[in-house]
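The structure file upload_22.cif is reproduced below (mmCIF, C-alpha atoms).
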data_query
#
loop_
_atom_site.label_atom_id
_atom_site.label_comp_id
_atom_site.auth_asym_id
_atom_site.auth_seq_id
_atom_site.Cartn_x
_atom_site.Cartn_y
_atom_site.Cartn_z
CA MET A 23 10.62 -19.03 -3.27
CA ALA A 24 8.74 -21.09 -5.83
CA THR A 25 5.02 -21.58 -5.39
CA PRO A 26 4.36 -25.11 -4.17
CA ARG A 27 2.45 -27.66 -6.21
CA THR A 28 -0.45 -29.74 -4.87
CA ARG A 29 1.61 -31.91 -2.49
CA GLY A 30 3.39 -28.86 -1.06
CA ILE A 31 0.11 -27.02 -0.59
CA LEU A 32 -1.40 -30.04 1.17
CA ASN A 33 1.68 -30.16 3.41
CA ARG A 34 1.02 -26.50 4.33
CA TYR A 35 -2.59 -27.39 5.08
CA ASN A 36 -1.49 -30.34 7.24
CA ALA A 37 0.85 -28.04 9.20
CA LEU A 38 -2.06 -25.80 10.24
CA PRO A 39 -3.42 -25.98 13.79
CA ASP A 40 -6.05 -28.70 14.17
CA GLU A 41 -8.98 -26.28 14.57
CA THR A 42 -8.07 -24.54 11.31
CA LYS A 43 -7.71 -27.82 9.44
CA LYS A 44 -11.13 -28.85 10.68
CA TYR A 45 -12.56 -25.49 9.61
CA PHE A 46 -11.26 -26.07 6.07
CA GLU A 47 -12.08 -29.80 6.22
CA HIS A 48 -13.05 -30.23 2.55
CA PHE A 49 -9.99 -28.48 1.18
CA PRO A 50 -7.71 -31.55 0.74
CA LYS A 51 -10.28 -33.41 -1.37
CA LEU A 52 -11.00 -30.29 -3.45
CA ALA A 53 -7.28 -29.67 -3.99
CA GLU A 54 -6.71 -33.20 -5.23
CA GLU A 55 -9.82 -33.60 -7.40
CA PHE A 56 -10.81 -30.18 -8.78
CA PRO A 57 -9.23 -27.16 -10.49
CA TRP A 58 -7.70 -24.54 -8.18
CA ASP A 59 -10.58 -22.17 -8.94
CA VAL A 60 -12.90 -24.44 -6.94
CA SER A 61 -10.55 -24.48 -3.94
CA ILE A 62 -10.19 -20.70 -4.06
CA SER A 63 -13.97 -20.21 -4.12
CA TYR A 64 -14.38 -22.62 -1.21
CA LEU A 65 -11.61 -21.02 0.86
CA PHE A 66 -12.91 -17.51 0.32
CA SER A 67 -16.46 -18.47 1.25
CA LEU A 68 -15.04 -19.65 4.57
CA VAL A 69 -12.83 -16.56 4.94
CA GLU A 70 -15.92 -14.39 4.60
CA LEU A 71 -17.80 -16.58 7.08
CA ALA A 72 -14.93 -16.25 9.59
CA GLN A 73 -14.87 -12.48 9.11
CA ASN A 74 -18.62 -12.23 9.67
CA MET A 75 -18.31 -14.45 12.74
CA THR A 76 -15.51 -12.22 14.04
CA ILE A 77 -17.86 -9.25 13.96
CA TYR A 78 -20.74 -11.27 15.47
CA CYS A 79 -18.63 -12.83 18.23
CA GLY A 80 -16.92 -9.52 18.92
CA VAL A 81 -20.14 -7.65 19.61
CA VAL A 82 -21.61 -10.54 21.60
CA LYS A 83 -18.53 -11.32 23.70
CA LEU A 84 -16.79 -7.97 24.05
CA HIS A 85 -19.81 -5.69 24.08
CA ARG A 86 -22.40 -8.11 25.52
CA VAL A 87 -24.91 -7.47 22.76
CA ASN A 88 -27.98 -9.72 22.64
CA SER A 89 -26.99 -12.63 20.39
CA ASP A 90 -30.24 -12.72 18.39
CA LEU A 91 -29.99 -9.02 17.58
CA ALA A 92 -26.29 -9.36 16.76
CA ARG A 93 -27.00 -12.27 14.40
CA THR A 94 -29.69 -10.29 12.57
CA ALA A 95 -27.51 -7.19 12.35
CA VAL A 96 -24.50 -9.07 10.95
CA ASP A 97 -26.64 -11.09 8.53
CA ASP A 98 -28.36 -7.96 7.23
CA HIS A 99 -25.17 -5.90 6.95
CA HIS A 100 -23.54 -5.62 3.52
CA MET A 101 -19.92 -6.19 4.44
CA THR A 102 -17.22 -4.90 2.11
CA ARG A 103 -13.52 -5.58 2.61
CA GLY A 104 -12.91 -2.05 3.82
CA GLY A 105 -16.07 -2.14 5.90
CA PHE A 106 -14.89 -5.31 7.59
CA LYS A 107 -11.58 -3.67 8.55
CA ASP A 108 -13.44 -0.65 9.96
CA LEU A 109 -15.87 -2.80 11.96
CA TYR A 110 -13.01 -4.97 13.19
CA ALA A 111 -11.16 -1.91 14.51
CA THR A 112 -14.30 -0.47 16.10
CA ILE A 113 -15.48 -3.69 17.73
CA LEU A 114 -12.16 -5.28 18.71
CA GLY A 115 -10.56 -1.96 19.62
CA LYS A 116 -7.50 -2.42 17.41
CA SER A 117 -6.89 -2.31 13.69
CA LEU A 118 -6.02 -5.55 11.97
CA LYS A 119 -2.22 -5.74 11.75
CA LYS A 120 -0.73 -4.69 8.44
CA ASN A 121 1.05 -8.01 7.89
CA VAL A 122 -2.27 -9.86 8.28
CA VAL A 123 -4.05 -7.49 5.87
CA ASP A 124 -1.18 -7.77 3.39
CA LYS A 125 -1.23 -11.59 3.55
CA ILE A 126 -4.77 -11.75 2.12
CA ALA A 127 -4.64 -8.75 -0.25
CA GLU A 128 -3.03 -10.44 -3.24
CA ALA A 129 -5.16 -13.55 -2.79
CA GLU A 130 -8.27 -11.36 -2.83
CA ASN A 131 -7.15 -9.93 -6.15
CA VAL A 132 -6.70 -13.44 -7.58
CA ARG A 133 -10.13 -14.45 -6.27
CA ASP A 134 -11.73 -11.39 -7.87
CA ARG A 135 -10.07 -12.05 -11.22
CA ILE A 136 -11.25 -15.68 -11.20
CA LEU A 137 -14.83 -14.82 -10.25
CA HIS A 138 -14.97 -12.08 -12.90
CA GLY A 139 -13.85 -14.45 -15.64
CA LYS A 140 -10.31 -13.13 -16.05
CA LYS A 141 -7.28 -15.24 -16.86
CA VAL A 142 -5.15 -16.20 -13.86
CA SER A 143 -2.02 -18.34 -13.95
CA GLU A 144 -1.95 -21.62 -12.09
CA ALA A 145 1.05 -20.38 -10.08
CA ASP A 146 -0.93 -17.31 -8.95
CA LYS A 147 -3.84 -19.54 -7.94
CA ARG A 148 -1.56 -21.80 -5.90
CA LYS A 149 0.10 -18.81 -4.23
CA ALA A 150 -3.34 -17.39 -3.38
CA ILE A 151 -4.29 -20.66 -1.70
CA VAL A 152 -1.10 -20.71 0.36
CA ASP A 153 -1.71 -17.08 1.35
CA VAL A 154 -5.29 -17.81 2.45
CA LEU A 155 -4.14 -20.72 4.62
CA GLU A 156 -1.43 -18.57 6.19
CA TYR A 157 -3.89 -15.69 6.65
CA ALA A 158 -6.27 -17.98 8.55
CA LYS A 159 -3.50 -18.96 10.94
CA MET A 160 -2.34 -15.35 11.42
CA PHE A 161 -5.89 -14.02 11.79
CA ASN A 162 -6.77 -16.65 14.40
CA ALA A 163 -3.68 -15.78 16.41
CA GLU A 164 -4.47 -12.07 16.35
CA VAL A 165 -8.17 -12.40 17.22
CA SER A 166 -7.41 -14.96 19.92
CA HIS A 167 -4.90 -12.56 21.50
CA ILE A 168 -7.31 -9.61 21.42
CA ALA A 169 -10.69 -11.25 22.03
CA GLY A 170 -10.11 -14.83 23.16
CA PHE A 171 -11.75 -16.74 20.29
CA LYS A 172 -10.59 -18.20 16.97
CA PRO A 173 -12.86 -17.48 13.99
CA PHE A 174 -11.19 -20.14 11.82
CA GLY A 175 -12.19 -22.90 14.21
CA SER A 176 -14.92 -23.99 16.55
CA LEU A 177 -16.60 -21.09 18.28
CA LYS A 178 -18.31 -23.27 20.86
CA GLY A 179 -18.35 -21.46 24.19
CA PHE A 180 -16.79 -18.28 22.73
CA LYS A 181 -19.04 -15.98 24.78
CA GLY A 182 -18.41 -17.27 28.27
CA ARG A 183 -20.89 -16.70 31.07
CA ALA A 184 -21.34 -12.93 30.77
CA GLN A 185 -24.96 -11.82 30.75
CA PRO A 186 -26.04 -9.92 27.63
CA LEU A 187 -27.42 -6.42 27.65
CA ASP A 188 -31.15 -6.02 27.22
CA LYS A 189 -32.43 -5.71 23.66
CA SER A 190 -32.96 -1.97 23.82
CA THR A 191 -29.39 -1.29 24.96
CA SER A 192 -28.07 -3.89 22.49
CA ARG A 193 -29.71 -1.97 19.63
CA TRP A 194 -27.92 1.20 20.70
CA VAL A 195 -24.57 -0.59 20.90
CA LEU A 196 -25.08 -2.12 17.45
CA LYS A 197 -25.99 1.28 16.04
CA GLY A 198 -22.94 2.81 17.69
CA VAL A 199 -20.53 0.33 16.10
CA GLY A 200 -22.11 0.76 12.66
CA LEU A 201 -24.54 -2.16 12.52
CA THR A 202 -28.29 -1.76 12.47
CA THR A 203 -31.17 -4.06 13.31
CA GLY A 204 -34.50 -4.25 11.51
#

Write the structure described by the file as structure tokens, please.
Amino acid sequence: MATPRTRGILNRYNALPDETKKYFEHFPKLAEEFPWDVSISYLFSLVELAQNMTIYCGVVKLHRVNSDLARTAVDDHHMTRGGFKDLYATILGKSLKKNVVDKIAEAENVRDRILHGKKVSEADKRKAIVDVLEYAKMFNAEVSHIAGFKPFGSLKGFKGRAQPLDKSTSRWVLKGVGLTTG
């Protein structure tokens, strides 16, 4: 299948669930007015935000960690791609499905090449964008099924009414999953 051009990519964006479109709200304007490199940088900044929020929401909702301590621990943690997958599996209790991991892998390579000043074809950039949009949809579906929230969307009310653990116990939980607090 040929990689879509701008109109086709925007059609893919418009076919996303409403919460995901809202999450990537500036994408259509960027796609129409700037080089693909700008869109890729924007999308990946939001992918990394969603991944960090997955870890944060996971420890707060599933493990009832104090939200302030969880926020500090996630913000202070240097998250690598492999580290994210490990934390995801530890906190959500399941590894990220292979098809979801595979969907973002090639796009990550394109992103890295762009940000390190390497030449990347326009077709590869467009394919990376399509893959990121599809990844967001797939990732949301998986996390929603496992944990009941959608990182590529509004997280309002994600926690529910469960009472958090006290700070001392929360620190131990965070340490146990591989996050530390100051």

- Task: Go through A:Val152, A:Leu196, A:Ala111, A:Ile168 and flag the residue nearest Arg29 in chain A, using all atoms listed in the file for the distances.
- Result: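 Ranking A:Val152, A:Leu196, A:Ala111, A:Ile168 by distance to Arg29 in chain A, first place goes to A:Val152.
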
Can you report as lines of an AutoDock Vina configuration file the centre and edge lengths in Å, to one decimal, of an axis-aligned box around the listed atoms of range 125-141 of chain A padded with 8 Å on each side?
center_x = -8.1
center_y = -12.2
center_z = -6.7
size_x = 29.7
size_y = 22.9
size_z = 36.4

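The coordinates place CA of Asp153 in chain A at 6.4 Å from CA of Ala129 in chain A.
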
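Using only C-alpha atoms, the nearest neighbour of Ser89 in chain A within the list A:Gly30, A:Leu109, A:Asn131, A:Ile77 is A:Ile77.
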
- Query: Which polymer residues have any atom within 10 Å of an atom of Ala127 in chain A, counting only C-alpha atoms, with same-chain residues fewer than 4 positions away left out, as a PyMOL selection string?
  - Reply: chain A and resi 103+121-123+131-133+150+153-154+157

- Have a look at CA of His100 in chain A and CA of Asn88 in chain A and let me know their distance in Å, one decimal.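 Going from CA of His100 in chain A over to CA of Asn88 in chain A, I get 20.1 Å.
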
Taking only C-alpha atoms into account, produce a table as JSON lines in which each residue of range 115-178 of chain A with an atom at most 10 Å from an atom of range 31-49 of chain A appears once, together with its shortest atom pair and the distance in Å to one decimal, ordered by chain and rising number.
{"residue": "A:Arg148", "atom": "CA", "partner": "A:Ile31", "partner_atom": "CA", "distance": 7.6}
{"residue": "A:Lys149", "atom": "CA", "partner": "A:Ile31", "partner_atom": "CA", "distance": 9.0}
{"residue": "A:Ile151", "atom": "CA", "partner": "A:Ile31", "partner_atom": "CA", "distance": 7.8}
{"residue": "A:Val152", "atom": "CA", "partner": "A:Ile31", "partner_atom": "CA", "distance": 6.5}
{"residue": "A:Leu155", "atom": "CA", "partner": "A:Tyr35", "partner_atom": "CA", "distance": 6.9}
{"residue": "A:Glu156", "atom": "CA", "partner": "A:Leu38", "partner_atom": "CA", "distance": 8.3}
{"residue": "A:Ala158", "atom": "CA", "partner": "A:Thr42", "partner_atom": "CA", "distance": 7.3}
{"residue": "A:Lys159", "atom": "CA", "partner": "A:Leu38", "partner_atom": "CA", "distance": 7.0}
{"residue": "A:Asn162", "atom": "CA", "partner": "A:Thr42", "partner_atom": "CA", "distance": 8.6}
{"residue": "A:Lys172", "atom": "CA", "partner": "A:Glu41", "partner_atom": "CA", "distance": 8.6}
{"residue": "A:Pro173", "atom": "CA", "partner": "A:Thr42", "partner_atom": "CA", "distance": 8.9}
{"residue": "A:Phe174", "atom": "CA", "partner": "A:Thr42", "partner_atom": "CA", "distance": 5.4}
{"residue": "A:Gly175", "atom": "CA", "partner": "A:Glu41", "partner_atom": "CA", "distance": 4.7}
{"residue": "A:Ser176", "atom": "CA", "partner": "A:Glu41", "partner_atom": "CA", "distance": 6.7}
{"residue": "A:Leu177", "atom": "CA", "partner": "A:Glu41", "partner_atom": "CA", "distance": 9.9}

- Got a sec to resolve the PyMOL selection byres ((chain A and resi 186) around 10) on this structure and send the residues as JSON, numbers by chain? {"A": [82, 83, 85, 86, 87, 88, 89, 181, 183, 184, 185, 187, 188, 189, 191, 192]}

- Message: Between CA of Gly104 in chain A and CA of Cys79 in chain A, what is the distance in Å, rounded to a tenth?
- Response: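 About the pair CA of Gly104 in chain A and CA of Cys79 in chain A: they are 18.9 Å apart.
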
- Using only C-alpha atoms, which of the listed residues (A:Ser143, A:Thr76, A:Thr94, A:Ser61) sits closest to Phe171 in chain A? A:Thr76

- Note on the structure: Counting only C-alpha atoms, closest pick from A:Ser63, A:Thr28, A:Thr202, A:Asn74 relative to Leu137 in chain A is A:Ser63

- Pick the closest to Ile62 in chain A from A:Gly198, A:Phe180, A:Arg193, A:Val142: which is it, counting all atoms listed in the file?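 Counting all atoms listed in the file, the residue closest to Ile62 in chain A is A:Val142.
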
- Query: Restricting the calculation to all atoms listed in the file, which member of A:Lys178, A:Lys197, A:His99, A:His167 is positioned closest to Leu118 in chain A?
  - Reply: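 Counting all atoms listed in the file, the residue closest to Leu118 in chain A is A:His167.
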